[in-house]
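Visitor: Take a look at this one; I'll ask things after.
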Amino acid sequence: MRSPALTSTASFKALESHAAEARDWQLRSLFAHDAQRFPKLTVDAAGLFLDYSKNRLNTATIGLLLDLARERGVERQRDAMLNGEKINLTEQRAVLHTALRMPRGKQLVVDGQDINADVHAVLDHVKEFTDRVRGGQWLGYSGKQITDIINIGIGGSDLGPKMAVLALRSYSHPRLKMHFVSNVDGHDMDAALAQVNPETTLFIVASKTFTTAETMLNAGTARNWFLQSGGKQEDLAKHFVAVSTNTKAVAEFGIDTANMFPFWDWVGGRYSVWSAIGLSVALAVGFGYFADFLAGAHAMDEHFREAPLEQNMPVLLAMVGFWNRQFLNAGSLSIAPYHQDLNRFPAYLQQLDMESNGKRVTRNGDAVDTVTCPVVWGECGTNAQHAYFQLLHQGTDVTPIDFIAALRATHDLAGHHDALLANCFAQSEAFMTGKTADEVRADLAGQNLTPEQIEALVPHKTFPGNRPSNTILMDQLTPGALGALIALYEHKTFVQGVLWDVNSFDQWGVELGKVLARNIQSELSGEAQPDRHDSSTNGLIGMAKAAQHI
Ligand code: F6P
């Protein structure tokens with residue numbers, strides 16, 4: 001059934017009228033007039049705490065936003081996704097990353113197949129394999145234990161595992177050094193190979209399709225390097241394993257399919273860290289912690305499925321983001337993890353959010369009648385404070401920020417964690433309160449300046465404030481908390497996709513560049529001078545060809 005255009009719905013219209021007033025609201029006075037604002041606009045779920053009180057909204061706004069969520073069918077579509085309906089319409093696929101973290105025995109039948117049994121059979125294989133590598137029983141061709149693991153993959157076959165391995169650094173095996181090679185740029189592979197010994201290195205070729213150009217080129221290069229550095233053809237099985245849905249291509253590449261970890265077309269690439277694509281995570285932290293990671297995500301899934309919308313953390317995070325994007329015109333969302341181990345989390349969220357909802361047509365192919373996904377970007381605090389926070393505080397655009405922090409550190413270095421949390425909380429306070437001209441004047445009063453000097457400085461030192469942010473807290477960055485955090489953002493992305501009525505599970509926008517790159521690659525290696533493109537593209541190709549002859 002065709003959904004009505006977003007702007008024509010009664011609840012969107014109600015929000016528009018409400019927004020006309022709310023645009024002028026000042027966060028300072030919202031807090032000053034409601035002592036209960038913090039308890040009213042915070043929520044707990046699956047070991048996470050979300051404070052969304054520092055946004056320009058009130059409980060009436062939330063009520064109207066939830067009316068919209070209901071009118072757009074968020075609950076119905078959530079259930080359709082969780083029950084395995086084929087909601088990815090352009091690819092006719094179910095969307096079941098949530099099934100990857102269901103406990104054993106929770107039956108879920110899709111197309112006549114009990115997928116819970118399939119999922120746990122692969123997890124059993126992951127456990128058996130990771131126990132052997134970590135325990136030192138899996139040996140390289142010269143009888144030595146594995147010391148280095150290189151995951152070769154790109155997009156969802158790289159970003160999730162790499163982010164999670166870094167995030168769970170404190171839980172990692174001391175002997176195993178993890179490397180991630182994703183870029184077709186040979187400098188990436190070159191840098192990794194320079195650090196490892198073929199006798200003790202295990203390569204994971206991770207690709208859902210096993211056709212992705214970058215990954216296939218990198219995997220071929222790794223195999224050649226291995227064969228040229230002492231390994232023999234018959235040793236490949238000890239050093240190369242694959243994670244894929246494409247058994248035939250894995251066998252053709254020369255990987256023993258006994259060492260292949262399958263997954264399924266109902267797992268989207270950017271939602272695949274829970275599948276065998278997470279093999280590098282399980283190798284780094286061990287199967288027990290990997291299971292905790294899955295359990296943390298499952299707890300968030302259960303919350304998403306069961307909690308009323310008023311207390312549903314992913315729904316609230318989505319609705320607040322929608323409000324900022326749609327009615328406060330926020331074109332980007334900055335992610336600020338105050339946790340160095342979440343260094344790659346903003347990059348991970350970029351793919352999750354922007355590849356999912358960076359769309360301009362509805363599921364039926366009509367033009368979307370509003371803006372959709374904001375640009376997602378970010379960097380760890382406190383580093384970000386000393387780089388681009390200037391613009392966030394005093395620039396002309398208003399950029400909402402998600403602050404993410406753990407209340408307790410996973411290290412025991414004295415003094416650092418209080419300093420970190422102090423900065424995190426100070427920043428969200430500063431974005432909210434700003435600093436008025438009178439406050440600046442009062443500050444400058446005791447500093448031996450003339451009235452003219454003070455007035456000249458006032459505009460520069462004034463902060464507009466009233467800038468929205470969320471704060472997400474966890475106790476510690478454990479495997480379970482990380483699982484819940486990722487699942488929170490996955491479901492947030494899903495809910496926003498439902499509001500905009502886009503298909504959050506395809507990614508046709510990445511195809512055109514792939515096709516053009518194949519054509520240009522053959523022109524770069526051919527004899528003929530390029531003449532099939534515009535003058536810019538022809539000129540650039542010509543320069544690269546000329547450089548090859550130097
Ligand atoms: O080109 C985009 C994309 O399809 C992503 O969606 C995906 O995560 C990535 O490429 C890698 O795909 P694969 O796992 O099939 O190599």
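Convention: chains lettered A, B, ... in structure tokens order; per-chain residue numbering from 1; ligands numbered from 1 as shown.
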Please identify which residues in region 151-261 of chain A DSSP calls strand (DSSP E) from the backbone, and express them as a PyMOL selection string.
Guide: chain A and resi 151-152+177-181+201-206+240-244+260-261
Visitor: As a count of residues only, please: every protein or nucleic acid residue near ligand 1 (cut-off 10 Å, counting only C-alpha atoms and all ligand atoms).
Guide: 45
Visitor: Hey, which of A:Val495, A:Val250, A:Val368, A:Ala405 ends up closest to Leu65 (chain A)? Count only C-alpha atoms.
Guide: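 Comparing A:Val495, A:Val250, A:Val368, A:Ala405 against Leu65 (chain A), the winner is A:Val495.
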Visitor: Need to verify the contact set: region 418-425 of chain A, 8 Å, only C-alpha atoms, exclusion of same-chain residues closer than 3 positions in sequence. Can you return it as a VMD selection string?
Guide: chain A and resid 338 381 to 382 403 405 407 415 428 to 429
Visitor: Can those selected residues be exported to a file as a PDB file, in the first residue's frame so that it contains N, CA and C atoms?
Guide:
ATOM      1  N   TYR A 338      33.092  10.242  23.735  1.00  0.00           N
ATOM      2  CA  TYR A 338      34.131  10.578  24.710  1.00  0.00           C
ATOM      3  C   TYR A 338      34.689   9.255  25.221  1.00  0.00           C
ATOM      4  N   GLY A 381      35.952  12.984  21.411  1.00  0.00           N
ATOM      5  CA  GLY A 381      36.306  14.040  22.351  1.00  0.00           C
ATOM      6  C   GLY A 381      37.426  13.498  23.210  1.00  0.00           C
ATOM      7  N   THR A 382      38.350  14.252  23.696  1.00  0.00           N
ATOM      8  CA  THR A 382      38.408  15.683  23.636  1.00  0.00           C
ATOM      9  C   THR A 382      39.116  16.202  22.373  1.00  0.00           C
ATOM     10  N   PHE A 403      26.659  12.990  22.184  1.00  0.00           N
ATOM     11  CA  PHE A 403      27.796  12.686  23.062  1.00  0.00           C
ATOM     12  C   PHE A 403      27.622  11.258  23.569  1.00  0.00           C
ATOM     13  N   ALA A 405      29.449   8.370  26.186  1.00  0.00           N
ATOM     14  CA  ALA A 405      30.518   8.187  27.190  1.00  0.00           C
ATOM     15  C   ALA A 405      30.221   6.996  28.087  1.00  0.00           C
ATOM     16  N   LEU A 407      30.620   5.660  32.070  1.00  0.00           N
ATOM     17  CA  LEU A 407      30.814   6.250  33.400  1.00  0.00           C
ATOM     18  C   LEU A 407      32.099   5.761  34.044  1.00  0.00           C
ATOM     19  N   GLY A 415      43.175   9.894  37.277  1.00  0.00           N
ATOM     20  CA  GLY A 415      42.903  11.274  36.866  1.00  0.00           C
ATOM     21  C   GLY A 415      42.269  11.436  35.496  1.00  0.00           C
ATOM     22  N   SER A 428      28.351  19.714  26.511  1.00  0.00           N
ATOM     23  CA  SER A 428      26.902  19.740  26.230  1.00  0.00           C
ATOM     24  C   SER A 428      26.257  20.910  26.986  1.00  0.00           C
ATOM     25  N   GLU A 429      26.803  21.211  28.172  1.00  0.00           N
ATOM     26  CA  GLU A 429      26.277  22.369  28.914  1.00  0.00           C
ATOM     27  C   GLU A 429      26.558  23.664  28.138  1.00  0.00           C
TER      28      GLU A 429
END
Visitor: Would you mind reading off the distance between CA of Leu82 (chain A) and CA of Thr98 (chain A), one decimal, in Å?
Guide: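 Computed distance, CA of Leu82 (chain A) to CA of Thr98 (chain A), equals 6.9 Å.
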Visitor: I want to know what sits within 9 Å of region 436-438 of chain A, based on only C-alpha atoms, with residues of the same chain fewer than 5 positions away left out; could you give that as a list in words?
Guide: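 Skipping anything fewer than 5 positions along the chain leaves Asp443, Val458, Pro459, Lys461, Thr462, Phe463, Pro464 and Gly465 of chain A.
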Visitor: Generate a file of the selected residues that holds N, CA and C atoms, formatted as a PDB file, in the first residue's frame.
Guide:
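Contents of the output file out21.pdb:
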ATOM      1  N   ASP A 443      32.529  39.145  32.803  1.00  0.00           N
ATOM      2  CA  ASP A 443      33.827  38.458  32.856  1.00  0.00           C
ATOM      3  C   ASP A 443      34.984  39.408  32.605  1.00  0.00           C
ATOM      4  N   VAL A 458      33.274  41.869  22.997  1.00  0.00           N
ATOM      5  CA  VAL A 458      32.009  41.185  23.349  1.00  0.00           C
ATOM      6  C   VAL A 458      31.454  40.286  22.229  1.00  0.00           C
ATOM      7  N   PRO A 459      31.321  40.777  20.980  1.00  0.00           N
ATOM      8  CA  PRO A 459      30.716  39.886  19.969  1.00  0.00           C
ATOM      9  C   PRO A 459      31.532  38.619  19.721  1.00  0.00           C
ATOM     10  N   LYS A 461      33.346  37.004  21.910  1.00  0.00           N
ATOM     11  CA  LYS A 461      33.351  36.085  23.049  1.00  0.00           C
ATOM     12  C   LYS A 461      31.943  35.614  23.424  1.00  0.00           C
ATOM     13  N   THR A 462      30.949  36.098  22.682  1.00  0.00           N
ATOM     14  CA  THR A 462      29.566  35.681  22.959  1.00  0.00           C
ATOM     15  C   THR A 462      29.283  34.348  22.257  1.00  0.00           C
ATOM     16  N   PHE A 463      28.587  33.473  22.975  1.00  0.00           N
ATOM     17  CA  PHE A 463      28.189  32.178  22.400  1.00  0.00           C
ATOM     18  C   PHE A 463      26.666  32.171  22.286  1.00  0.00           C
ATOM     19  N   PRO A 464      26.116  31.873  21.105  1.00  0.00           N
ATOM     20  CA  PRO A 464      24.654  31.884  21.017  1.00  0.00           C
ATOM     21  C   PRO A 464      23.994  30.798  21.875  1.00  0.00           C
ATOM     22  N   GLY A 465      24.658  29.660  22.062  1.00  0.00           N
ATOM     23  CA  GLY A 465      24.041  28.571  22.834  1.00  0.00           C
ATOM     24  C   GLY A 465      22.790  28.054  22.142  1.00  0.00           C
TER      25      GLY A 465
END
Visitor: Can you tell me which residues surround Gly365 (chain A) at a distance of at most 12 Å, considering only C-alpha atoms, apart from same-chain residues fewer than 3 positions away, and format the answer as a ChimeraX atom specification?
Guide: /A:2-3,5,89-90,359-362,368-369,501-503
Visitor: Taking only C-alpha atoms into account, name the residue in A:Trp25, A:Tyr52, A:Phe494, A:Phe129 that is nearest to Phe287 (chain A).
Guide: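 Going through A:Trp25, A:Tyr52, A:Phe494, A:Phe129 one by one, the smallest distance to Phe287 (chain A) is for A:Phe129.
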Visitor: Which polymer residues have any atom within 9 Å of an atom of region 253-257 of chain A, counting only C-alpha atoms, with same-chain residues fewer than 6 positions away left out, as number ranges by chain?
Guide: A: 216, 219-220, 233, 236-237, 240-242, 247
Visitor: Select, from A:Asp51, A:Asp534, A:Asp412, A:Glu306, the residue with the minimum atom-to-atom distance to Phe38 (chain A), counting only C-alpha atoms.
Guide: A:Asp51
